[in-house]
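Below: final.cif (mmCIF, C-alpha atoms)
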```
data_run
loop_
_atom_site.group_PDB
_atom_site.id
_atom_site.type_symbol
_atom_site.label_atom_id
_atom_site.label_comp_id
_atom_site.auth_asym_id
_atom_site.auth_seq_id
_atom_site.Cartn_x
_atom_site.Cartn_y
_atom_site.Cartn_z
ATOM 1 C CA MET A 141 27.778 -62.943 9.119
ATOM 2 C CA GLU A 142 24.404 -62.691 10.862
ATOM 3 C CA ILE A 143 22.768 -59.310 11.472
ATOM 4 C CA THR A 144 19.829 -59.153 13.860
ATOM 5 C CA VAL A 145 17.437 -56.434 12.790
ATOM 6 C CA GLN A 146 16.570 -54.331 15.824
ATOM 7 C CA PRO A 147 13.081 -53.260 16.976
ATOM 8 C CA GLN A 148 13.719 -49.640 16.014
ATOM 9 C CA GLU A 149 14.673 -50.737 12.492
ATOM 10 C CA LEU A 150 11.515 -52.823 12.234
ATOM 11 C CA ALA A 151 9.428 -49.869 13.403
ATOM 12 C CA ALA A 152 11.123 -47.542 10.912
ATOM 13 C CA GLY A 153 10.798 -50.022 8.043
ATOM 14 C CA GLU A 154 14.466 -49.694 7.201
ATOM 15 C CA LEU A 155 17.905 -50.762 8.351
ATOM 16 C CA THR A 156 20.482 -48.382 9.735
ATOM 17 C CA GLU A 157 23.191 -47.307 7.340
ATOM 18 C CA ALA A 158 25.688 -49.263 9.421
ATOM 19 C CA HIS A 159 23.725 -52.504 9.033
ATOM 20 C CA VAL A 160 23.299 -51.985 5.285
ATOM 21 C CA LYS A 161 27.028 -51.428 4.932
ATOM 22 C CA GLN A 162 27.827 -54.533 6.997
ATOM 23 C CA ALA A 163 25.429 -56.685 4.978
ATOM 24 C CA VAL A 164 26.714 -55.509 1.590
ATOM 25 C CA GLU A 165 30.333 -55.947 2.628
ATOM 26 C CA ALA A 166 29.626 -59.472 3.910
ATOM 27 C CA ILE A 167 28.096 -60.475 0.565
ATOM 28 C CA ARG A 168 30.954 -58.934 -1.393
ATOM 29 C CA VAL A 169 33.660 -60.613 0.710
ATOM 30 C CA ASP A 170 32.135 -63.841 2.062
ATOM 31 C CA GLY A 171 29.351 -64.252 -0.463
ATOM 32 C CA TYR A 172 26.478 -64.322 2.025
ATOM 33 C CA VAL A 173 24.764 -62.671 4.977
ATOM 34 C CA VAL A 174 21.888 -63.676 7.275
ATOM 35 C CA LEU A 175 19.317 -61.055 8.259
ATOM 36 C CA ALA A 176 17.558 -62.234 11.395
ATOM 37 C CA ASN A 177 14.134 -61.125 12.629
ATOM 38 C CA VAL A 178 12.721 -59.816 9.330
ATOM 39 C CA VAL A 179 9.790 -62.180 8.575
ATOM 40 C CA ASP A 180 6.629 -62.598 10.660
ATOM 41 C CA PRO A 181 6.600 -66.102 12.226
ATOM 42 C CA ALA A 182 2.809 -66.264 11.852
ATOM 43 C CA HIS A 183 3.155 -65.930 8.066
ATOM 44 C CA LEU A 184 5.758 -68.689 8.080
ATOM 45 C CA ASP A 185 3.426 -70.962 10.049
ATOM 46 C CA VAL A 186 0.743 -70.579 7.371
ATOM 47 C CA LEU A 187 3.248 -71.389 4.648
ATOM 48 C CA ARG A 188 4.768 -74.332 6.479
ATOM 49 C CA GLU A 189 1.413 -76.065 6.961
ATOM 50 C CA ARG A 190 0.662 -75.869 3.236
ATOM 51 C CA MET A 191 4.217 -76.714 2.162
ATOM 52 C CA ASP A 192 4.296 -79.770 4.447
ATOM 53 C CA ALA A 193 1.174 -81.068 2.692
ATOM 54 C CA ASP A 194 2.571 -80.234 -0.744
ATOM 55 C CA ALA A 195 5.840 -81.985 0.058
ATOM 56 C CA GLN A 196 4.012 -85.241 0.704
ATOM 57 C CA ILE A 197 2.476 -85.033 -2.774
ATOM 58 C CA LEU A 198 5.900 -84.603 -4.371
ATOM 59 C CA ILE A 199 7.486 -87.315 -2.210
ATOM 60 C CA GLU A 200 4.797 -89.834 -3.172
ATOM 61 C CA ALA A 201 5.395 -88.946 -6.829
ATOM 62 C CA GLU A 202 9.181 -89.235 -6.288
ATOM 63 C CA LYS A 203 9.568 -85.858 -7.969
ATOM 64 C CA TRP A 204 13.149 -85.279 -6.868
ATOM 65 C CA GLY A 205 14.823 -82.034 -7.925
ATOM 66 C CA GLY A 206 17.701 -79.681 -7.261
ATOM 67 C CA ALA A 207 21.358 -80.356 -8.030
ATOM 68 C CA GLY A 208 21.777 -83.962 -9.105
ATOM 69 C CA ARG A 209 18.046 -84.712 -8.680
ATOM 70 C CA LEU A 210 18.935 -86.932 -5.759
ATOM 71 C CA LYS A 211 16.441 -88.761 -3.580
ATOM 72 C CA GLY A 212 15.262 -86.662 -0.665
ATOM 73 C CA HIS A 213 15.662 -83.277 -2.376
ATOM 74 C CA LEU A 214 12.620 -81.565 -3.903
ATOM 75 C CA GLN A 215 12.238 -78.497 -6.035
ATOM 76 C CA GLN A 216 9.257 -77.075 -4.215
ATOM 77 C CA GLY A 217 8.012 -73.537 -4.072
ATOM 78 C CA PRO A 218 5.220 -71.931 -2.048
ATOM 79 C CA PRO A 219 1.767 -71.513 -3.616
ATOM 80 C CA PRO A 220 1.682 -68.492 -5.968
ATOM 81 C CA PHE A 221 -1.722 -67.319 -4.805
ATOM 82 C CA ALA A 222 -3.553 -65.893 -1.790
ATOM 83 C CA PRO A 223 -3.578 -66.457 1.131
ATOM 84 C CA TYR A 224 0.016 -67.678 0.819
ATOM 85 C CA ILE A 225 1.638 -64.527 -0.594
ATOM 86 C CA PHE A 226 3.065 -62.202 2.060
ATOM 87 C CA LYS A 227 4.775 -58.843 1.568
ATOM 88 C CA ASP A 228 7.490 -59.618 4.107
ATOM 89 C CA ILE A 229 8.517 -62.534 1.882
ATOM 90 C CA VAL A 230 8.009 -61.342 -1.703
ATOM 91 C CA ALA A 231 8.876 -57.657 -1.127
ATOM 92 C CA ASN A 232 10.542 -57.534 2.277
ATOM 93 C CA PRO A 233 11.735 -53.938 2.762
ATOM 94 C CA TRP A 234 14.792 -54.809 4.864
ATOM 95 C CA ILE A 235 15.952 -57.479 2.430
ATOM 96 C CA VAL A 236 15.315 -55.217 -0.570
ATOM 97 C CA GLN A 237 17.226 -52.407 1.103
ATOM 98 C CA VAL A 238 20.301 -54.648 1.159
ATOM 99 C CA THR A 239 19.897 -56.065 -2.335
ATOM 100 C CA LYS A 240 19.244 -52.602 -3.794
ATOM 101 C CA ALA A 241 22.393 -51.256 -2.116
ATOM 102 C CA LEU A 242 24.286 -54.155 -3.677
ATOM 103 C CA LEU A 243 22.682 -54.285 -7.143
ATOM 104 C CA GLY A 244 21.457 -50.740 -7.658
ATOM 105 C CA PRO A 245 18.048 -49.266 -8.503
ATOM 106 C CA GLY A 246 15.798 -51.112 -10.917
ATOM 107 C CA LEU A 247 16.603 -54.546 -9.516
ATOM 108 C CA TYR A 248 13.976 -57.201 -10.143
ATOM 109 C CA ASN A 249 12.987 -60.668 -8.988
ATOM 110 C CA ASN A 250 13.675 -63.441 -11.492
ATOM 111 C CA PHE A 251 12.592 -66.507 -9.491
ATOM 112 C CA TYR A 252 9.988 -67.584 -6.969
ATOM 113 C CA ASN A 253 10.243 -71.227 -6.040
ATOM 114 C CA GLY A 254 12.357 -73.188 -3.583
ATOM 115 C CA ASN A 255 13.768 -76.457 -2.306
ATOM 116 C CA THR A 256 12.761 -78.947 0.352
ATOM 117 C CA ASN A 257 15.226 -81.222 2.111
ATOM 118 C CA CYS A 258 13.420 -84.368 3.228
ATOM 119 C CA PRO A 259 14.312 -86.854 5.977
ATOM 120 C CA GLY A 260 16.729 -89.476 4.693
ATOM 121 C CA SER A 261 18.154 -87.224 1.974
ATOM 122 C CA THR A 262 21.658 -87.609 0.584
ATOM 123 C CA THR A 263 24.502 -85.186 -0.137
ATOM 124 C CA GLN A 264 24.255 -83.109 -3.314
ATOM 125 C CA PRO A 265 27.225 -82.400 -5.559
ATOM 126 C CA LEU A 266 28.987 -79.150 -4.777
ATOM 127 C CA HIS A 267 27.710 -76.530 -7.206
ATOM 128 C CA ARG A 268 26.948 -72.907 -8.047
ATOM 129 C CA ASP A 269 23.470 -71.729 -8.970
ATOM 130 C CA GLY A 270 24.948 -69.321 -11.512
ATOM 131 C CA ALA A 271 28.217 -68.865 -13.334
ATOM 132 C CA HIS A 272 30.379 -65.805 -13.863
ATOM 133 C CA LEU A 273 29.103 -63.781 -16.803
ATOM 134 C CA TRP A 274 32.394 -63.717 -18.708
ATOM 135 C CA PRO A 275 34.198 -67.097 -18.742
ATOM 136 C CA GLU A 276 37.661 -65.770 -19.616
ATOM 137 C CA GLN A 277 37.881 -63.229 -16.819
ATOM 138 C CA GLU A 278 40.752 -63.360 -14.342
ATOM 139 C CA ILE A 279 39.061 -61.390 -11.543
ATOM 140 C CA ALA A 280 35.477 -61.914 -10.406
ATOM 141 C CA HIS A 281 33.022 -59.228 -11.469
ATOM 142 C CA PRO A 282 30.778 -57.517 -8.883
ATOM 143 C CA THR A 283 27.624 -59.303 -7.792
ATOM 144 C CA THR A 284 24.831 -59.242 -10.385
ATOM 145 C CA GLU A 285 22.420 -61.733 -8.785
ATOM 146 C CA VAL A 286 21.653 -62.866 -5.261
ATOM 147 C CA VAL A 287 19.564 -65.759 -4.005
ATOM 148 C CA VAL A 288 17.260 -64.889 -1.122
ATOM 149 C CA ASN A 289 16.370 -67.941 0.973
ATOM 150 C CA ILE A 290 13.632 -67.876 3.623
ATOM 151 C CA SER A 291 12.690 -70.972 5.583
ATOM 152 C CA PRO A 292 9.393 -71.351 7.470
ATOM 153 C CA GLN A 293 11.235 -73.071 10.325
ATOM 154 C CA ASP A 294 14.593 -72.988 12.077
ATOM 155 C CA THR A 295 17.339 -74.305 9.800
ATOM 156 C CA THR A 296 19.907 -76.347 11.688
ATOM 157 C CA ALA A 297 22.612 -78.919 11.082
ATOM 158 C CA GLU A 298 20.116 -81.589 12.150
ATOM 159 C CA ASN A 299 17.484 -80.749 9.530
ATOM 160 C CA GLY A 300 20.000 -80.205 6.741
ATOM 161 C CA SER A 301 20.904 -76.520 6.658
ATOM 162 C CA VAL A 302 22.710 -75.726 3.414
ATOM 163 C CA GLU A 303 26.497 -76.071 3.253
ATOM 164 C CA LEU A 304 28.126 -72.776 2.195
ATOM 165 C CA TRP A 305 31.714 -72.110 1.055
ATOM 166 C CA PRO A 306 32.674 -68.557 2.122
ATOM 167 C CA GLY A 307 34.447 -66.500 -0.519
ATOM 168 C CA SER A 308 34.030 -69.097 -3.255
ATOM 169 C CA HIS A 309 31.930 -66.705 -5.363
ATOM 170 C CA LEU A 310 35.209 -64.943 -6.191
ATOM 171 C CA ASP A 311 36.712 -68.105 -7.700
ATOM 172 C CA VAL A 312 36.664 -67.581 -11.481
ATOM 173 C CA SER A 313 37.198 -71.207 -12.467
ATOM 174 C CA SER A 314 34.638 -73.088 -14.557
ATOM 175 C CA LYS A 315 31.075 -73.619 -13.320
ATOM 176 C CA ARG A 316 31.726 -77.315 -12.731
ATOM 177 C CA ILE A 317 33.621 -77.759 -9.454
ATOM 178 C CA GLU A 318 36.160 -80.564 -9.671
ATOM 179 C CA PRO A 319 37.282 -82.610 -6.623
ATOM 180 C CA GLU A 320 40.748 -81.038 -6.797
ATOM 181 C CA GLN A 321 39.230 -77.547 -6.610
ATOM 182 C CA GLU A 322 37.092 -78.571 -3.654
ATOM 183 C CA ALA A 323 40.106 -79.962 -1.784
ATOM 184 C CA ALA A 324 42.166 -76.849 -2.477
ATOM 185 C CA ARG A 325 39.371 -74.541 -1.389
ATOM 186 C CA ARG A 326 38.859 -76.503 1.818
ATOM 187 C CA GLU A 327 42.443 -75.710 2.802
ATOM 188 C CA ILE A 328 41.836 -71.977 2.282
ATOM 189 C CA ALA A 329 38.319 -71.539 3.671
ATOM 190 C CA PRO A 330 36.404 -74.669 4.753
ATOM 191 C CA PRO A 331 32.617 -74.749 4.454
ATOM 192 C CA ILE A 332 30.164 -73.597 7.073
ATOM 193 C CA ARG A 333 26.464 -74.333 7.547
ATOM 194 C CA GLY A 334 23.776 -71.806 6.752
ATOM 195 C CA ASN A 335 21.999 -72.119 10.090
ATOM 196 C CA ALA A 336 19.291 -69.512 10.648
ATOM 197 C CA LYS A 337 16.448 -68.943 13.061
ATOM 198 C CA LYS A 338 12.853 -68.880 11.852
ATOM 199 C CA GLY A 339 12.115 -65.369 10.608
ATOM 200 C CA SER A 340 15.551 -64.963 9.034
ATOM 201 C CA ALA A 341 16.657 -64.521 5.430
ATOM 202 C CA LEU A 342 19.863 -65.876 3.939
ATOM 203 C CA ILE A 343 21.099 -63.663 1.087
ATOM 204 C CA ARG A 344 23.902 -65.153 -1.014
ATOM 205 C CA ASP A 345 25.741 -64.352 -4.229
ATOM 206 C CA ILE A 346 24.402 -66.729 -6.881
ATOM 207 C CA ARG A 347 27.969 -67.876 -7.644
ATOM 208 C CA LEU A 348 28.661 -69.061 -4.089
ATOM 209 C CA TRP A 349 29.556 -72.766 -3.859
ATOM 210 C CA HIS A 350 27.027 -74.736 -1.827
ATOM 211 C CA ARG A 351 25.227 -78.038 -1.566
ATOM 212 C CA GLY A 352 22.356 -79.757 0.181
ATOM 213 C CA VAL A 353 23.337 -82.226 2.888
ATOM 214 C CA PRO A 354 21.382 -84.983 4.677
ATOM 215 C CA ASN A 355 18.354 -84.051 6.737
ATOM 216 C CA LEU A 356 18.757 -86.068 9.926
ATOM 217 C CA SER A 357 15.444 -84.970 11.433
ATOM 218 C CA ASP A 358 12.045 -86.556 10.908
ATOM 219 C CA GLU A 359 10.432 -83.536 9.194
ATOM 220 C CA PRO A 360 10.911 -81.852 5.792
ATOM 221 C CA ARG A 361 12.898 -78.608 5.863
ATOM 222 C CA HIS A 362 11.596 -76.102 3.344
ATOM 223 C CA MET A 363 13.536 -73.225 1.802
ATOM 224 C CA ILE A 364 11.786 -70.570 -0.287
ATOM 225 C CA ALA A 365 14.038 -69.043 -2.938
ATOM 226 C CA MET A 366 13.958 -65.787 -4.871
ATOM 227 C CA ILE A 367 16.630 -64.367 -7.168
ATOM 228 C CA HIS A 368 17.160 -60.611 -7.191
ATOM 229 C CA ARG A 369 18.928 -59.422 -10.344
ATOM 230 C CA VAL A 370 20.617 -56.249 -11.489
ATOM 231 C CA ARG A 371 18.265 -54.399 -13.848
ATOM 232 C CA TRP A 372 20.335 -54.812 -17.060
ATOM 233 C CA LEU A 373 20.537 -58.602 -16.795
ATOM 234 C CA ARG A 374 17.038 -59.120 -18.127
ATOM 235 C CA SER A 375 15.235 -62.393 -18.723
ATOM 236 C CA ASN A 376 12.279 -62.945 -21.024
ATOM 237 C CA ARG A 377 9.998 -64.441 -18.413
ATOM 238 C CA CYS A 378 7.523 -62.994 -15.976
ATOM 239 C CA LEU A 379 6.631 -64.675 -12.722
ATOM 240 C CA LYS A 380 3.018 -65.794 -12.631
ATOM 241 C CA TYR A 381 0.787 -65.237 -9.621
ATOM 242 C CA GLN A 382 -2.951 -65.626 -9.330
ATOM 243 C CA THR A 383 -4.953 -62.408 -9.126
ATOM 244 C CA GLY A 384 -5.882 -61.373 -5.623
ATOM 245 C CA CYS A 385 -2.412 -60.940 -4.127
ATOM 246 C CA GLU A 386 -1.228 -57.820 -5.955
ATOM 247 C CA ALA A 387 -1.140 -55.664 -2.822
ATOM 248 C CA ALA A 388 1.768 -57.674 -1.383
ATOM 249 C CA PHE A 389 4.042 -56.391 -4.159
ATOM 250 C CA GLU A 390 3.093 -52.712 -4.101
ATOM 251 C CA ASN A 391 5.299 -49.793 -3.020
ATOM 252 C CA SER A 392 8.549 -51.735 -3.208
ATOM 253 C CA ASP A 393 11.936 -50.820 -4.663
ATOM 254 C CA LEU A 394 12.025 -54.367 -6.027
ATOM 255 C CA ASP A 395 10.441 -54.876 -9.440
ATOM 256 C CA ALA A 396 8.255 -57.945 -8.881
ATOM 257 C CA ASN A 397 8.511 -58.900 -12.569
ATOM 258 C CA ALA A 398 5.008 -60.270 -12.054
ATOM 259 C CA GLU A 399 2.049 -61.251 -14.194
ATOM 260 C CA PHE A 400 -1.223 -61.699 -12.331
ATOM 261 C CA VAL A 401 -3.562 -64.166 -14.004
ATOM 262 C CA ASP A 402 -7.206 -65.077 -13.405
ATOM 263 C CA ALA A 403 -6.607 -68.742 -14.192
ATOM 264 C CA THR A 404 -6.005 -71.108 -11.316
ATOM 265 C CA LEU A 405 -2.391 -72.183 -10.862
ATOM 266 C CA ASP A 406 -3.111 -75.586 -9.361
ATOM 267 C CA ASP A 407 -0.258 -77.177 -11.322
ATOM 268 C CA TYR A 408 2.398 -75.054 -9.601
ATOM 269 C CA LEU A 409 4.035 -78.105 -7.984
ATOM 270 C CA PHE A 410 4.529 -80.131 -11.154
ATOM 271 C CA ASN A 411 4.686 -77.396 -13.777
ATOM 272 C CA PRO A 412 6.335 -74.392 -12.148
ATOM 273 C CA LYS A 413 6.743 -71.351 -14.393
ATOM 274 C CA PHE A 414 8.025 -68.911 -11.861
#
```

If you convert what's in this file into structure tokens, what do you get?
Amino acid sequence: MEITVQPQELAAGELTEAHVKQAVEAIRVDGYVVLANVVDPAHLDVLRERMDADAQILIEAEKWGGAGRLKGHLQQGPPPFAPYIFKDIVANPWIVQVTKALLGPGLYNNFYNGNTNCPGSTTQPLHRDGAHLWPEQEIAHPTTEVVVNISPQDTTAENGSVELWPGSHLDVSSKRIEPEQEAARREIAPPIRGNAKKGSALIRDIRLWHRGVPNLSDEPRHMIAMIHRVRWLRSNRCLKYQTGCEAAFENSDLDANAEFVDATLDDYLFNPKF
């Protein structure tokens, strides 16, 4: 489902109750929702220019990442320092309104990084980013983590928009997805592509089956990723940002789980600790 946030919702700084309900229900049933028109395109332009340059550094180093570590796929996040930290990305009120309604108060961010799909990439193995918490369960538990993806450009079939398998987050089989499971699932609910206009956010249950597919364009397609978690599923890490960008995280219902450091974080591409 795609929900276009309306001008009156943008002016109010919050979604209507109807849109929140639609978004939460879509994640619970299908495993994902797209919120369109929630990120300033000018902010995305700033990020894309820097991330394009950073991608070339990783490509030249052949620092492939993501599922399978296949050629053409990079683990690449945005710079964790000003002027590349924007509130409508790290603490977007419309996104947080949805994730809070889904996960409850006290939710926090456990990840700030991303993936880049480069021209000439190959198809990743089908995978989940996170497993069910209790391996012996017969019915899927409610959502405890969601991945929030924001791209600084349009994501299309041509530039390798992610392949998503609706409803697969409710499949309680093992984390590894066997070919027989894939074939059976395809008969029930075949995959779709996570196409989204620039300025949109894709919010998906962390258990949703997905994979990167070839980028047929001639430009890298970036995808920033955050993971919003229910408050009781704590990790022992804080996300590091350089001092000077604290204001972007203030007055949010999302716990940024952040540590602001004076040291430069110039190694963020090759030694991410976010």

(request) Rank nothing, just name the residue among A:Ile328, A:Ile346, A:Ala166, A:Ile225 nearest to Glu386 in chain A, using all atoms listed in the file. (result)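 Answer, going by the shortest atom-to-atom distance: A:Ile225.
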
(message) Counting only C-alpha atoms, which residue out of A:Thr239, A:Ser261, A:Ser308, A:Thr296 sits closest to Thr284 in chain A?
(response)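 Nearest candidate to Thr284 in chain A out of A:Thr239, A:Ser261, A:Ser308, A:Thr296: A:Thr239.
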
(request) Return as a PyMOL selection string the set of residues that the PyMOL selection byres ((chain A and resi 141-145) around 12) yields on the displayed structure. (result) chain A and resi 146-156+158-179+233-235+238+306+332-337+339-344

(request) Give me, please, the distance in Å between CA of Trp204 in chain A and CA of Lys315 in chain A, quoted to one decimal. (result)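 CA of Lys315 in chain A lies at a distance of 22.3 Å from CA of Trp204 in chain A.
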
(request) Please measure the separation of CA of Glu399 in chain A and CA of Gln382 in chain A, giving the value in Å to one decimal. (result) 8.2 Å

(request) Rounded to one decimal place, report the CA of Tyr381 in chain A-CA of Leu394 in chain A distance in Å. (result)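 Pair CA of Tyr381 in chain A / CA of Leu394 in chain A returns 16.0 Å.
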
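Nearest residue to Gly205 in chain A among A:Asn255, A:Gln277, A:Ser313, A:Thr283 is A:Asn255, counting only C-alpha atoms.
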
(request) Could you list the residues chosen by the PyMOL selection byres ((chain A and resi 286) around 6) in this structure as a PyMOL selection string? (result) chain A and resi 285+287+344-346+367-368
